[in-house]
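final-v6.pdb, holding PDB, C-alpha atoms:
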```
ATOM      1  CA  MET H   1     103.974 117.807  95.579
ATOM      2  CA  LEU H   2     100.299 118.247  94.707
ATOM      3  CA  THR H   3      98.358 115.818  92.516
ATOM      4  CA  LEU H   4      94.776 115.499  91.298
ATOM      5  CA  VAL H   5      93.415 111.934  91.219
ATOM      6  CA  ALA H   6      89.775 111.279  90.250
ATOM      7  CA  GLY H   7      88.619 114.602  91.689
ATOM      8  CA  VAL H   8      90.633 114.390  94.933
ATOM      9  CA  LYS H   9      93.735 116.488  95.594
ATOM     10  CA  LEU H  10      96.572 114.553  97.199
ATOM     11  CA  ARG H  11      99.515 116.448  98.711
ATOM     12  CA  TRP H  12     102.586 114.200  99.027
ATOM     13  CA  SER H  13     105.529 115.004 101.291
ATOM     14  CA  SER H  14     108.778 113.366 102.377
ATOM     15  CA  ASP H  15     112.013 114.438 104.038
ATOM     16  CA  CYS H  16     113.951 112.594 101.319
ATOM     17  CA  GLU H  17     114.521 114.278  97.960
ATOM     18  CA  HIS H  18     114.970 110.922  96.250
ATOM     19  CA  GLU H  19     111.507 109.857  97.374
ATOM     20  CA  ILE H  20     109.947 113.079  96.105
ATOM     21  CA  GLN H  21     111.586 112.508  92.730
ATOM     22  CA  LYS H  22     110.153 108.983  92.641
ATOM     23  CA  LEU H  23     106.676 110.321  93.418
ATOM     24  CA  GLU H  24     107.021 113.042  90.777
ATOM     25  CA  LYS H  25     107.786 110.406  88.160
ATOM     26  CA  LEU H  26     105.031 108.068  89.316
ATOM     27  CA  PHE H  27     102.339 110.788  89.358
ATOM     28  CA  LEU H  28     103.744 112.785  86.436
ATOM     29  CA  HIS H  29     100.388 113.146  84.666
ATOM     30  CA  HIS H  30      98.434 113.886  87.860
ATOM     31  CA  ARG H  31     100.470 116.845  89.106
ATOM     32  CA  CYS H  32      98.470 120.036  89.485
ATOM     33  CA  LYS H  33      98.680 123.598  90.789
ATOM     34  CA  GLU H  34      97.097 125.041  93.908
ATOM     35  CA  GLN H  35      94.469 126.976  91.951
ATOM     36  CA  GLU H  36      93.271 123.948  89.961
ATOM     37  CA  ALA H  37      90.036 122.168  90.952
ATOM     38  CA  PRO H  38      89.293 124.486  93.908
ATOM     39  CA  GLU H  39      86.210 122.431  94.836
ATOM     40  CA  ALA H  40      88.180 119.168  95.174
ATOM     41  CA  PRO H  41      88.794 117.787  98.692
ATOM     42  CA  LEU H  42      92.435 117.890  99.822
ATOM     43  CA  HIS H  43      94.211 115.006 101.565
ATOM     44  CA  THR H  44      97.838 115.042 102.771
ATOM     45  CA  ILE H  45     100.057 111.948 102.605
ATOM     46  CA  GLU H  46     103.395 112.081 104.434
ATOM     47  CA  PHE H  47     106.224 109.535 104.302
ATOM     48  CA  ARG H  48     107.888 109.709 107.713
ATOM     49  CA  PRO H  49     111.030 107.878 108.913
ATOM     50  CA  VAL H  50     110.793 106.398 112.418
ATOM     51  CA  TRP H  51     113.343 104.654 114.623
ATOM     52  CA  GLU H  52     111.116 102.688 116.976
ATOM     53  CA  PRO H  53     108.554  99.951 116.243
ATOM     54  CA  LEU H  54     104.890 100.860 116.113
ATOM     55  CA  GLN H  55     103.146 101.534 119.424
ATOM     56  CA  MET H  56      99.372 101.806 119.221
ATOM     57  CA  PRO H  57      96.930 103.108 121.865
ATOM     58  CA  ASN H  58      95.638 100.571 124.365
ATOM     59  CA  ASP H  59      92.079 100.817 123.102
ATOM     60  CA  VAL H  60      92.692  99.664 119.501
ATOM     61  CA  VAL H  61      90.323  97.063 118.093
ATOM     62  CA  THR H  62      90.698  95.052 114.928
ATOM     63  CA  LYS H  63      88.642  96.634 112.185
ATOM     64  CA  TRP H  64      89.798  94.277 109.473
ATOM     65  CA  ASP H  65      92.384  91.514 109.107
ATOM     66  CA  GLY H  66      93.110  89.689 105.879
ATOM     67  CA  TYR H  67      94.577  89.780 102.418
ATOM     68  CA  TYR H  68      94.908  92.543  99.884
ATOM     69  CA  VAL H  69      96.026  91.996  96.296
ATOM     70  CA  GLY H  70      99.095  94.067  95.540
ATOM     71  CA  CYS H  71     100.408  94.305  99.102
ATOM     72  CA  PHE H  72     103.928  93.070  99.496
ATOM     73  CA  HIS H  73     104.869  91.340 102.765
ATOM     74  CA  GLN H  74     103.635  88.487 104.951
ATOM     75  CA  LYS H  75     101.893  86.784 102.052
ATOM     76  CA  ASN H  76      99.776  89.875 101.340
ATOM     77  CA  HIS H  77      98.434  89.993 104.901
ATOM     78  CA  VAL H  78      97.221  93.347 106.260
ATOM     79  CA  HIS H  79      96.092  94.255 109.776
ATOM     80  CA  TRP H  80      93.713  97.207 110.142
ATOM     81  CA  TYR H  81      93.129  98.583 113.654
ATOM     82  CA  HIS H  82      91.026 101.487 114.920
ATOM     83  CA  SER H  83      91.367 103.597 118.065
ATOM     84  CA  ALA H  84      88.163 105.244 119.300
ATOM     85  CA  ALA H  85      90.118 107.521 121.648
ATOM     86  CA  THR H  86      92.327 109.017 118.940
ATOM     87  CA  GLU H  87      89.933 108.345 116.030
ATOM     88  CA  LEU H  88      92.896 107.014 114.070
ATOM     89  CA  ASP H  89      93.145 103.980 111.792
ATOM     90  CA  TYR H  90      96.338 101.907 111.779
ATOM     91  CA  LEU H  91      97.206  99.689 108.801
ATOM     92  CA  VAL H  92     100.106  97.395 109.644
ATOM     93  CA  LEU H  93     101.669  96.302 106.350
ATOM     94  CA  SER H  94     104.833  94.765 107.778
ATOM     95  CA  HIS H  95     107.087  95.040 110.816
ATOM     96  CA  GLU H  96     108.893  97.936 109.116
ATOM     97  CA  MET H  97     106.021  99.840 107.525
ATOM     98  CA  TRP H  98     102.627 100.977 108.767
ATOM     99  CA  VAL H  99     100.044 103.583 107.764
ATOM    100  CA  ILE H 100      98.125 105.929 110.083
ATOM    101  CA  HIS H 101      94.936 107.480 108.689
ATOM    102  CA  ASP H 102      93.422 110.526 110.374
ATOM    103  CA  ARG H 103      90.123 111.109 108.591
ATOM    104  CA  SER H 104      89.139 114.101 110.736
ATOM    105  CA  SER H 105      92.145 116.122 109.571
ATOM    106  CA  ALA H 106      92.361 114.537 106.083
ATOM    107  CA  ARG H 107      95.900 113.336 106.766
ATOM    108  CA  THR H 108      97.780 110.074 106.275
ATOM    109  CA  ILE H 109     101.232 109.205 107.608
ATOM    110  CA  CYS H 110     103.181 106.298 106.176
ATOM    111  CA  CYS H 111     105.774 105.324 108.791
ATOM    112  CA  MET H 112     108.968 103.621 107.633
ATOM    113  CA  LEU H 113     111.147 101.926 110.218
ATOM    114  CA  CYS H 114     114.765 102.951 109.570
ATOM    115  CA  ARG H 115     118.056 101.464 110.674
ATOM    116  CA  LYS H 116     121.705 102.419 110.420
ATOM    117  CA  THR H 117     124.207 100.130 108.728
ATOM    118  CA  MET H 118     127.745  99.499 109.911
ATOM    119  CA  PHE H 119     128.868 102.220 107.504
ATOM    120  CA  ARG H 120     126.498 104.706 109.188
ATOM    121  CA  HIS H 121     124.203 104.768 106.193
ATOM    122  CA  VAL H 122     120.476 104.915 106.867
ATOM    123  CA  GLU H 123     118.291 102.259 105.269
ATOM    124  CA  ARG H 124     114.527 102.695 104.945
ATOM    125  CA  PRO H 125     111.797 100.773 103.077
ATOM    126  CA  ASP H 126     110.927 101.575  99.477
ATOM    127  CA  ILE H 127     107.986 103.985  99.228
ATOM    128  CA  ALA H 128     106.838 102.231  96.050
ATOM    129  CA  ASP H 129     105.720  99.237  98.122
ATOM    130  CA  PRO H 130     102.702 100.819  99.882
ATOM    131  CA  ILE H 131     101.504 103.053  97.020
ATOM    132  CA  VAL H 132      98.677 100.755  95.877
ATOM    133  CA  ILE H 133      97.217 100.232  99.330
ATOM    134  CA  LEU H 134      97.661 103.936 100.144
ATOM    135  CA  ILE H 135      95.712 104.894  97.043
ATOM    136  CA  HIS H 136      93.053 102.281  97.797
ATOM    137  CA  THR H 137      92.370 103.365 101.374
ATOM    138  CA  VAL H 138      92.793 107.124 100.946
ATOM    139  CA  MET H 139      90.546 107.327  97.885
ATOM    140  CA  ALA H 140      87.937 105.146  99.603
ATOM    141  CA  MET H 141      87.566 107.916 102.214
ATOM    142  CA  TYR H 142      86.151 110.018  99.367
ATOM    143  CA  ASN H 143      84.021 107.199  97.905
ATOM    144  CA  ARG H 144      86.438 106.537  95.036
ATOM    145  CA  TYR H 145      86.901 102.783  94.816
ATOM    146  CA  THR H 146      89.906 101.114  93.193
ATOM    147  CA  ILE H 147      89.444  98.137  90.914
ATOM    148  CA  HIS H 148      91.974  95.991  89.079
ATOM    149  CA  ALA H 149      91.042  97.090  85.562
ATOM    150  CA  ALA H 150      92.079  99.034  82.479
ATOM    151  CA  ALA H 151      90.089 101.865  80.929
ATOM    152  CA  VAL H 152      90.027 104.168  77.929
ATOM    153  CA  GLU H 153      87.840 107.065  76.809
ATOM    154  CA  LEU H 154      86.153 107.021  73.420
ATOM    155  CA  GLY H 155      83.780 109.742  72.234
ATOM    156  CA  GLY H 156      83.497 111.279  75.694
ATOM    157  CA  PHE H 157      82.680 108.021  77.482
ATOM    158  CA  GLY H 158      84.719 105.586  79.562
ATOM    159  CA  HIS H 159      85.097 101.914  78.671
ATOM    160  CA  VAL H 160      86.245  99.740  81.578
ATOM    161  CA  PHE H 161      87.984  96.382  81.102
ATOM    162  CA  VAL H 162      88.192  93.852  83.946
ATOM    163  CA  GLY H 163      89.672  90.357  83.822
ATOM    164  CA  GLU H 164      92.416  88.149  85.161
ATOM    165  CA  SER H 165      96.064  89.076  84.744
ATOM    166  CA  GLY H 166      97.498  87.966  81.424
ATOM    167  CA  HIS H 167      94.258  88.080  79.444
ATOM    168  CA  GLY H 168      95.157  91.308  77.666
ATOM    169  CA  LYS H 169      93.748  94.327  79.537
ATOM    170  CA  SER H 170      96.956  96.344  79.156
ATOM    171  CA  THR H 171      97.424  95.273  75.548
ATOM    172  CA  LEU H 172      93.812  96.073  74.676
ATOM    173  CA  SER H 173      93.793  99.525  76.269
ATOM    174  CA  THR H 174      97.078 100.587  74.680
ATOM    175  CA  ASP H 175      96.081  99.174  71.272
ATOM    176  CA  LEU H 176      92.915 101.297  71.437
ATOM    177  CA  VAL H 177      95.019 104.359  72.331
ATOM    178  CA  LYS H 178      96.923 103.817  69.078
ATOM    179  CA  GLN H 179      93.556 104.107  67.327
ATOM    180  CA  GLY H 180      92.728 107.421  68.974
ATOM    181  CA  ALA H 181      91.328 106.474  72.380
ATOM    182  CA  THR H 182      92.441 108.318  75.520
ATOM    183  CA  TYR H 183      94.427 106.268  78.020
ATOM    184  CA  MET H 184      92.944 106.082  81.537
ATOM    185  CA  GLY H 185      94.996 103.284  83.109
ATOM    186  CA  ASP H 186      95.992  99.681  82.499
ATOM    187  CA  ASP H 187      96.039  98.204  86.018
ATOM    188  CA  ILE H 188      94.071 100.341  88.485
ATOM    189  CA  VAL H 189      91.175 102.729  87.892
ATOM    190  CA  PHE H 190      88.492 104.173  90.175
ATOM    191  CA  LEU H 191      84.733 103.739  90.150
ATOM    192  CA  PHE H 192      82.634 106.441  91.785
ATOM    193  CA  GLU H 193      79.368 108.338  91.614
ATOM    194  CA  GLU H 194      79.282 112.092  91.086
ATOM    195  CA  GLN H 195      76.110 114.154  90.824
ATOM    196  CA  GLY H 196      74.133 111.005  90.150
ATOM    197  CA  GLN H 197      76.450 109.844  87.352
ATOM    198  CA  LEU H 198      78.626 106.713  87.415
ATOM    199  CA  ARG H 199      82.189 107.598  86.434
ATOM    200  CA  VAL H 200      85.570 105.954  85.964
ATOM    201  CA  GLY H 201      88.644 107.780  87.284
ATOM    202  CA  SER H 202      92.140 107.513  85.803
ATOM    203  CA  LEU H 203      95.380 106.380  87.362
ATOM    204  CA  LEU H 204      97.931 107.361  84.743
ATOM    205  CA  PHE H 205     100.891 105.268  85.826
ATOM    206  CA  GLU H 206     103.200 103.729  83.275
ATOM    207  CA  ALA H 207     101.795 100.584  81.638
ATOM    208  CA  LYS H 208     103.652  97.285  81.922
ATOM    209  CA  LEU H 209     103.884  95.981  78.362
ATOM    210  CA  PHE H 210     105.881  93.774  76.070
ATOM    211  CA  PRO H 211     107.876  96.171  73.859
ATOM    212  CA  PRO H 212     107.801  95.560  70.086
ATOM    213  CA  HIS H 213     111.384  94.331  69.926
ATOM    214  CA  THR H 214     110.997  91.478  72.433
ATOM    215  CA  LYS H 215     108.344  89.265  74.006
ATOM    216  CA  ARG H 216     110.517  87.901  76.771
ATOM    217  CA  ARG H 217     110.396  90.783  79.217
ATOM    218  CA  LYS H 218     107.870  93.512  79.952
ATOM    219  CA  ASP H 219     108.903  97.144  80.204
ATOM    220  CA  PHE H 220     107.158 100.109  81.804
ATOM    221  CA  ILE H 221     105.862 102.452  79.088
ATOM    222  CA  ASP H 222     104.600 106.022  79.570
ATOM    223  CA  VAL H 223     101.528 105.647  77.347
ATOM    224  CA  VAL H 224     100.361 109.262  77.707
ATOM    225  CA  SER H 225     103.687 110.772  76.654
ATOM    226  CA  GLN H 226     104.366 108.185  73.972
ATOM    227  CA  SER H 227     100.929 108.489  72.346
ATOM    228  CA  GLY H 228     100.443 112.217  72.856
ATOM    229  CA  CYS H 229      96.888 111.602  74.082
ATOM    230  CA  LYS H 230      95.235 114.128  76.367
ATOM    231  CA  VAL H 231      95.336 113.832  80.148
ATOM    232  CA  LEU H 232      91.856 112.855  81.335
ATOM    233  CA  HIS H 233      91.047 112.384  85.015
ATOM    234  CA  SER H 234      87.543 110.898  84.728
ATOM    235  CA  ALA H 235      84.721 110.098  82.313
ATOM    236  CA  PRO H 236      81.126 108.834  82.505
ATOM    237  CA  ILE H 237      81.009 105.060  82.066
ATOM    238  CA  LYS H 238      79.433 103.713  78.882
ATOM    239  CA  ASN H 239      80.226  99.991  79.075
ATOM    240  CA  LEU H 240      81.950  97.399  81.255
ATOM    241  CA  TYR H 241      83.778  94.440  79.708
ATOM    242  CA  TYR H 242      85.272  91.174  80.901
ATOM    243  CA  VAL H 243      88.362  90.483  78.777
ATOM    244  CA  ARG H 244      89.027  86.905  77.669
ATOM    245  CA  ARG H 245      91.401  85.422  75.118
ATOM    246  CA  SER H 246      89.813  84.002  71.967
ATOM    247  CA  LYS H 247      91.060  81.404  69.489
ATOM    248  CA  GLU H 248      89.076  83.121  66.757
ATOM    249  CA  GLU H 249      90.761  85.742  64.587
ATOM    250  CA  LEU H 250      88.120  88.436  64.971
ATOM    251  CA  SER H 251      87.449  89.915  68.400
ATOM    252  CA  HIS H 252      83.778  90.002  69.387
ATOM    253  CA  LEU H 253      81.410  90.958  72.208
ATOM    254  CA  GLU H 254      78.795  88.894  74.028
ATOM    255  CA  ARG H 255      76.198  90.608  76.226
ATOM    256  CA  GLN H 256      76.216  89.257  79.803
ATOM    257  CA  GLU H 257      73.675  89.131  82.619
ATOM    258  CA  PRO H 258      73.825  91.995  85.166
ATOM    259  CA  ILE H 259      74.680  89.614  88.024
ATOM    260  CA  GLU H 260      77.899  88.755  86.196
ATOM    261  CA  ALA H 261      78.940  92.412  86.413
ATOM    262  CA  VAL H 262      78.551  92.357  90.207
ATOM    263  CA  VAL H 263      80.663  89.198  90.465
ATOM    264  CA  ARG H 264      83.426  90.576  88.254
ATOM    265  CA  LEU H 265      83.545  93.925  90.068
ATOM    266  CA  MET H 266      83.771  92.235  93.457
ATOM    267  CA  ARG H 267      86.658  90.114  92.225
ATOM    268  CA  ALA H 268      88.353  93.170  90.695
ATOM    269  CA  SER H 269      88.166  95.204  93.914
ATOM    270  CA  ASN H 270      91.316  93.538  95.383
ATOM    271  CA  ASN H 271      89.385  93.099  98.621
ATOM    272  CA  ALA H 272      85.757  94.205  98.724
ATOM    273  CA  ARG H 273      85.703  94.229 102.552
ATOM    274  CA  MET H 274      88.654  96.580 102.864
ATOM    275  CA  GLN H 275      86.697  99.789 102.312
ATOM    276  CA  TYR H 276      85.825 102.699 104.558
ATOM    277  CA  ASP H 277      82.188 102.281 103.572
ATOM    278  CA  VAL H 278      81.476  98.812 102.213
ATOM    279  CA  GLU H 279      77.789  99.592 101.680
ATOM    280  CA  VAL H 280      78.545 102.537  99.374
ATOM    281  CA  TRP H 281      80.914 100.353  97.343
ATOM    282  CA  GLN H 282      78.281  97.610  97.088
ATOM    283  CA  ASP H 283      75.680 100.178  96.020
ATOM    284  CA  ILE H 284      77.992 101.373  93.241
ATOM    285  CA  CYS H 285      78.509  97.783  92.062
ATOM    286  CA  GLN H 286      74.744  97.258  92.018
ATOM    287  CA  ARG H 287      74.176 100.512  90.119
ATOM    288  CA  VAL H 288      76.807  99.555  87.535
ATOM    289  CA  ALA H 289      75.071  96.187  87.062
ATOM    290  CA  ASP H 290      71.638  97.838  86.746
ATOM    291  CA  GLU H 291      72.607 100.764  84.517
ATOM    292  CA  ILE H 292      75.797  99.894  82.593
ATOM    293  CA  PRO H 293      75.802  97.291  79.791
ATOM    294  CA  PHE H 294      78.186  94.421  80.559
ATOM    295  CA  TYR H 295      79.917  92.382  77.853
ATOM    296  CA  ALA H 296      82.364  89.530  77.577
ATOM    297  CA  PHE H 297      85.063  90.730  75.177
ATOM    298  CA  TRP H 298      86.718  87.879  73.306
ATOM    299  CA  PHE H 299      90.147  89.146  72.279
ATOM    300  CA  GLY H 300      91.231  87.813  68.890
ATOM    301  CA  ARG H 301      94.054  88.963  66.638
ATOM    302  CA  ARG H 302      95.466  92.332  67.659
ATOM    303  CA  ASP H 303      96.036  93.514  64.084
ATOM    304  CA  LEU H 304      92.325  93.053  63.347
ATOM    305  CA  LEU H 305      91.093  94.989  66.393
ATOM    306  CA  ASP H 306      88.833  97.947  65.530
ATOM    307  CA  LYS H 307      87.780 100.566  68.095
ATOM    308  CA  SER H 308      84.369 100.824  66.386
ATOM    309  CA  LEU H 309      83.486  97.535  68.063
ATOM    310  CA  PHE H 310      83.323  99.442  71.371
ATOM    311  CA  GLU H 311      81.978 102.705  69.997
ATOM    312  CA  HIS H 312      78.912 100.935  68.565
ATOM    313  CA  ALA H 313      78.304  98.594  71.532
TER     314      ALA H 313
END
```
Translate the structure described by the file into structure tokens.
Amino acid sequence: MLTLVAGVKLRWSSDCEHEIQKLEKLFLHHRCKEQEAPEAPLHTIEFRPVWEPLQMPNDVVTKWDGYYVGCFHQKNHVHWYHSAATELDYLVLSHEMWVIHDRSSARTICCMLCRKTMFRHVERPDIADPIVILIHTVMAMYNRYTIHAAAVELGGFGHVFVGESGHGKSTLSTDLVKQGATYMGDDIVFLFEEQGQLRVGSLLFEAKLFPPHTKRRKDFIDVVSQSGCKVLHSAPIKNLYYVRRSKEELSHLERQEPIEAVVRLMRASNNARMQYDVEVWQDICQRVADEIPFYAFWFGRRDLLDKSLFEHA
């Protein structure tokens, strides 16, 4: 399966048809054909079943060891090792799942430790678990940096919304789509520089929202299909916003100091140190702060929200 994500082609493979079907659903709006975007770099990601625990070369050194938001085992703890002899990176996510990055051949293998049950069935980890960290590390090889944010396109420009969970990023982005904006993601988007221009890249997964008929449980909604909006993979950034709940009825914007943009982007990066090139990521954050207007968005009543507030900012 071939996908196009923020200007990078990702070829996904698995020996399990069920896993391919899951990937096809997850990346539905990113699937592309071989002839599309011929200039885009190509990276292969393979899900591979294994029957023995991980054995790394003797020369591995710890490149990074810590926490990553969105990882799933051992209290979000990730171990990142590098072997100079093989030039491979090893990300140990749990005792039953690890990732091997080979930058020289543009290839990633996600190893899943399998076992047989007493009924001779084979059990293997869920491929949905490592998707976020796979996207984060693979895209960072191509200087596309994931941030915990929502984004929409209005009038040819991207508007990026950061903020803590529960403050309304998903609600805001999907409410703007109902007013004619183009959906670019409600949880993860990419920041990158291309030909001197700062851009936001889409990740068009389903949005996790409260459906109209209930407020007790969130459902996953395919915003692109439901709204009929166009599929957009990236856009030049116009503004960055920090979303906060307001007790006032009318939503409003407050211009913020550039240093606040750096702080918010660092917090939104899940882990700023876990990048293939930390300096490039920091340079992008600094450029965003220097060149992109940054606002606090105070989110009031949803029924009074008007997209012109962002178009005229």
> Between H:Ser94, H:Gln275, H:Ser83, H:Ser269, which has the minimum distance to Ala149 (chain H) (counting only C-alpha atoms)?
Replying inline: H:Ser269
>> Env of region 126-141 of chain H: 10 Å cut, atoms = all atoms listed in the file, seq-sep filter 6 positions within chain, self excluded. Answer as a PyMOL selection string.
In response: chain H and resi 5-10+14+19-20+22-23+26+43-45+47+68-73+78+91+93+97-99+101+103+106-112+147+188+190+192+203+269-271+274-278+280-281
Could you save those same residues with C-alpha atoms as a short mmCIF file (atom, residue, chain, number, x, y, z; two decimals), in the frame of the given file?
```cif
data_model
loop_
_atom_site.label_atom_id
_atom_site.label_comp_id
_atom_site.auth_asym_id
_atom_site.auth_seq_id
_atom_site.Cartn_x
_atom_site.Cartn_y
_atom_site.Cartn_z
CA VAL H 5 93.42 111.93 91.22
CA ALA H 6 89.78 111.28 90.25
CA GLY H 7 88.62 114.60 91.69
CA VAL H 8 90.63 114.39 94.93
CA LYS H 9 93.74 116.49 95.59
CA LEU H 10 96.57 114.55 97.20
CA SER H 14 108.78 113.37 102.38
CA GLU H 19 111.51 109.86 97.37
CA ILE H 20 109.95 113.08 96.10
CA LYS H 22 110.15 108.98 92.64
CA LEU H 23 106.68 110.32 93.42
CA LEU H 26 105.03 108.07 89.32
CA HIS H 43 94.21 115.01 101.56
CA THR H 44 97.84 115.04 102.77
CA ILE H 45 100.06 111.95 102.60
CA PHE H 47 106.22 109.54 104.30
CA TYR H 68 94.91 92.54 99.88
CA VAL H 69 96.03 92.00 96.30
CA GLY H 70 99.10 94.07 95.54
CA CYS H 71 100.41 94.30 99.10
CA PHE H 72 103.93 93.07 99.50
CA HIS H 73 104.87 91.34 102.76
CA VAL H 78 97.22 93.35 106.26
CA LEU H 91 97.21 99.69 108.80
CA LEU H 93 101.67 96.30 106.35
CA MET H 97 106.02 99.84 107.52
CA TRP H 98 102.63 100.98 108.77
CA VAL H 99 100.04 103.58 107.76
CA HIS H 101 94.94 107.48 108.69
CA ARG H 103 90.12 111.11 108.59
CA ALA H 106 92.36 114.54 106.08
CA ARG H 107 95.90 113.34 106.77
CA THR H 108 97.78 110.07 106.28
CA ILE H 109 101.23 109.20 107.61
CA CYS H 110 103.18 106.30 106.18
CA CYS H 111 105.77 105.32 108.79
CA MET H 112 108.97 103.62 107.63
CA ILE H 147 89.44 98.14 90.91
CA ILE H 188 94.07 100.34 88.48
CA PHE H 190 88.49 104.17 90.18
CA PHE H 192 82.63 106.44 91.78
CA LEU H 203 95.38 106.38 87.36
CA SER H 269 88.17 95.20 93.91
CA ASN H 270 91.32 93.54 95.38
CA ASN H 271 89.38 93.10 98.62
CA MET H 274 88.65 96.58 102.86
CA GLN H 275 86.70 99.79 102.31
CA TYR H 276 85.82 102.70 104.56
CA ASP H 277 82.19 102.28 103.57
CA VAL H 278 81.48 98.81 102.21
CA VAL H 280 78.54 102.54 99.37
CA TRP H 281 80.91 100.35 97.34
#
```
> Can you tell me, as a list of chain:residue names, what residues are no more than 8 Å from Asn239 (chain H) when counting all atoms listed in the file, ignoring any on the same chain fewer than 2 positions away?
Replying inline: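 In the requested form, the answer reads H:Gly158, H:His159, H:Val160, H:Ile237, H:Tyr241, H:Ile292, H:Pro293, H:Phe294, H:Tyr295, H:Ala313.
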What's around Val288 (chain H) at 8 Å? Count all atoms listed in the file, leave out sequence neighbours fewer than 3 positions away in its own chain, and write the answer as a PDB file with C-alpha atoms, in the frame of the given file.
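Ended up saving to around.pdb:
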```
ATOM      1  CA  LEU H 198      78.626 106.713  87.415  1.00  0.00           C
ATOM      2  CA  ALA H 261      78.940  92.412  86.413  1.00  0.00           C
ATOM      3  CA  VAL H 262      78.551  92.357  90.207  1.00  0.00           C
ATOM      4  CA  ILE H 284      77.992 101.373  93.241  1.00  0.00           C
ATOM      5  CA  CYS H 285      78.509  97.783  92.062  1.00  0.00           C
ATOM      6  CA  GLU H 291      72.607 100.764  84.517  1.00  0.00           C
ATOM      7  CA  ILE H 292      75.797  99.894  82.593  1.00  0.00           C
TER       8      ILE H 292
END
```
>> Using the chain letters and numbers from this file, what does the PyMOL selection byres ((chain H and resi 3) around 9) select? Give the answer as a PyMOL selection string.
In response: chain H and resi 1-2+4-5+8-12+27-33
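Here CA of Gln226 (chain H) stands at a distance of 16.8 Å from CA of Glu153 (chain H).
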> What is the distance between CA of Glu24 (chain H) and CA of Trp80 (chain H), in Å to one decimal?
Replying inline: 28.3 Å
>> Expand the PyMOL selection byres ((chain H and resi 207) around 6) into the explicit residue set it covers here, and present it as JSON, numbers by chain.
In response: {"H": [186, 206, 208, 220, 221]}
Go ahead and write the selection's residues with C-alpha atoms as an mmCIF file, in the coordinates of the input.
```
data_model
loop_
_atom_site.group_PDB
_atom_site.id
_atom_site.type_symbol
_atom_site.label_atom_id
_atom_site.label_comp_id
_atom_site.auth_asym_id
_atom_site.auth_seq_id
_atom_site.Cartn_x
_atom_site.Cartn_y
_atom_site.Cartn_z
ATOM 1 C CA ASP H 186 95.992 99.681 82.499
ATOM 2 C CA GLU H 206 103.200 103.729 83.275
ATOM 3 C CA LYS H 208 103.652 97.285 81.922
ATOM 4 C CA PHE H 220 107.158 100.109 81.804
ATOM 5 C CA ILE H 221 105.862 102.452 79.088
#
```
>> Nearest residue to Glu257 (chain H) out of H:Asp65, H:Thr146, H:Asp290, H:Asp283, using all atoms listed in the file?
In response: H:Asp290
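Note on the selection: in this file the PyMOL selection byres ((chain H and resi 84) around 12) comes out as Met56, Pro57, Asn58, Asp59, Val60, Val61, Thr62, Lys63, Tyr81, His82, Ser83, Ala85, Thr86, Glu87, Leu88, Asp89, Tyr90 and Asp102 of chain H.
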> Smallest atom-to-atom distance to Ser308 (chain H): which of H:Val263, H:Gly155, H:Arg287, H:Ser246, using all atoms listed in the file?
Replying inline: H:Gly155
> Between CA of Leu204 (chain H) and CA of Gly185 (chain H), what is the distance, to one decimal in Å?
Replying inline: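 Result for CA of Leu204 (chain H) versus CA of Gly185 (chain H): 5.3 Å, one decimal.
Among the candidates H:Asp303, H:Tyr67, H:Tyr145, H:Val162, the one nearest to Glu260 (chain H) when counting all atoms listed in the file is H:Val162.
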>> Could you check the closest approach to Ser251 (chain H) for each of H:His233, H:Gly228, H:Asp306, H:Val200 and tell me which residue wins, using only C-alpha atoms?
In response: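 That would be H:Asp306, the residue with the smallest distance to Ser251 (chain H).
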Report as CSV the residues of region 264-310 of chain H within 9 Å of region 175-184 of chain H, each with its shortest atom pair and distance in Å (one decimal), using all atoms listed in the file, ordered by chain and increasing residue number.
```
residue,atom,partner,partner_atom,distance
H:Arg302,CA,H:Asp175,CA,7.8
H:Leu305,CA,H:Asp175,CA,8.1
H:Asp306,CA,H:Leu176,CA,7.9
H:Lys307,CA,H:Leu176,CA,6.2
```
Write the selection just made, keeping C-alpha atoms, as a short mmCIF file (atom, residue, chain, number, x, y, z; two decimals), keeping the file's coordinate frame?
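Done, and the output landed in part-v2.cif:
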```cif
data_model
loop_
_atom_site.label_atom_id
_atom_site.label_comp_id
_atom_site.auth_asym_id
_atom_site.auth_seq_id
_atom_site.Cartn_x
_atom_site.Cartn_y
_atom_site.Cartn_z
CA ARG H 302 95.47 92.33 67.66
CA LEU H 305 91.09 94.99 66.39
CA ASP H 306 88.83 97.95 65.53
CA LYS H 307 87.78 100.57 68.10
#
```
> Which of these residues is nearest to Ala151 (chain H), using all atoms listed in the file: H:Cys16, H:Leu232, H:Ala272, H:Leu42?
Replying inline: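 Distance minimum relative to Ala151 (chain H) lands on H:Leu232.
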For Leu253 (chain H), work out the shell of residues within 7 Å, counting all atoms listed in the file and skipping chain neighbours fewer than 6 positions away, then give it as a PDB file with C-alpha atoms, in the coordinates of the input.
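Listed below is the output, part-v9.pdb:
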```pdb
ATOM      1  CA  TYR H 295      79.917  92.382  77.853  1.00  0.00           C
ATOM      2  CA  ALA H 296      82.364  89.530  77.577  1.00  0.00           C
ATOM      3  CA  PHE H 297      85.063  90.730  75.177  1.00  0.00           C
ATOM      4  CA  TRP H 298      86.718  87.879  73.306  1.00  0.00           C
TER       5      TRP H 298
END
```
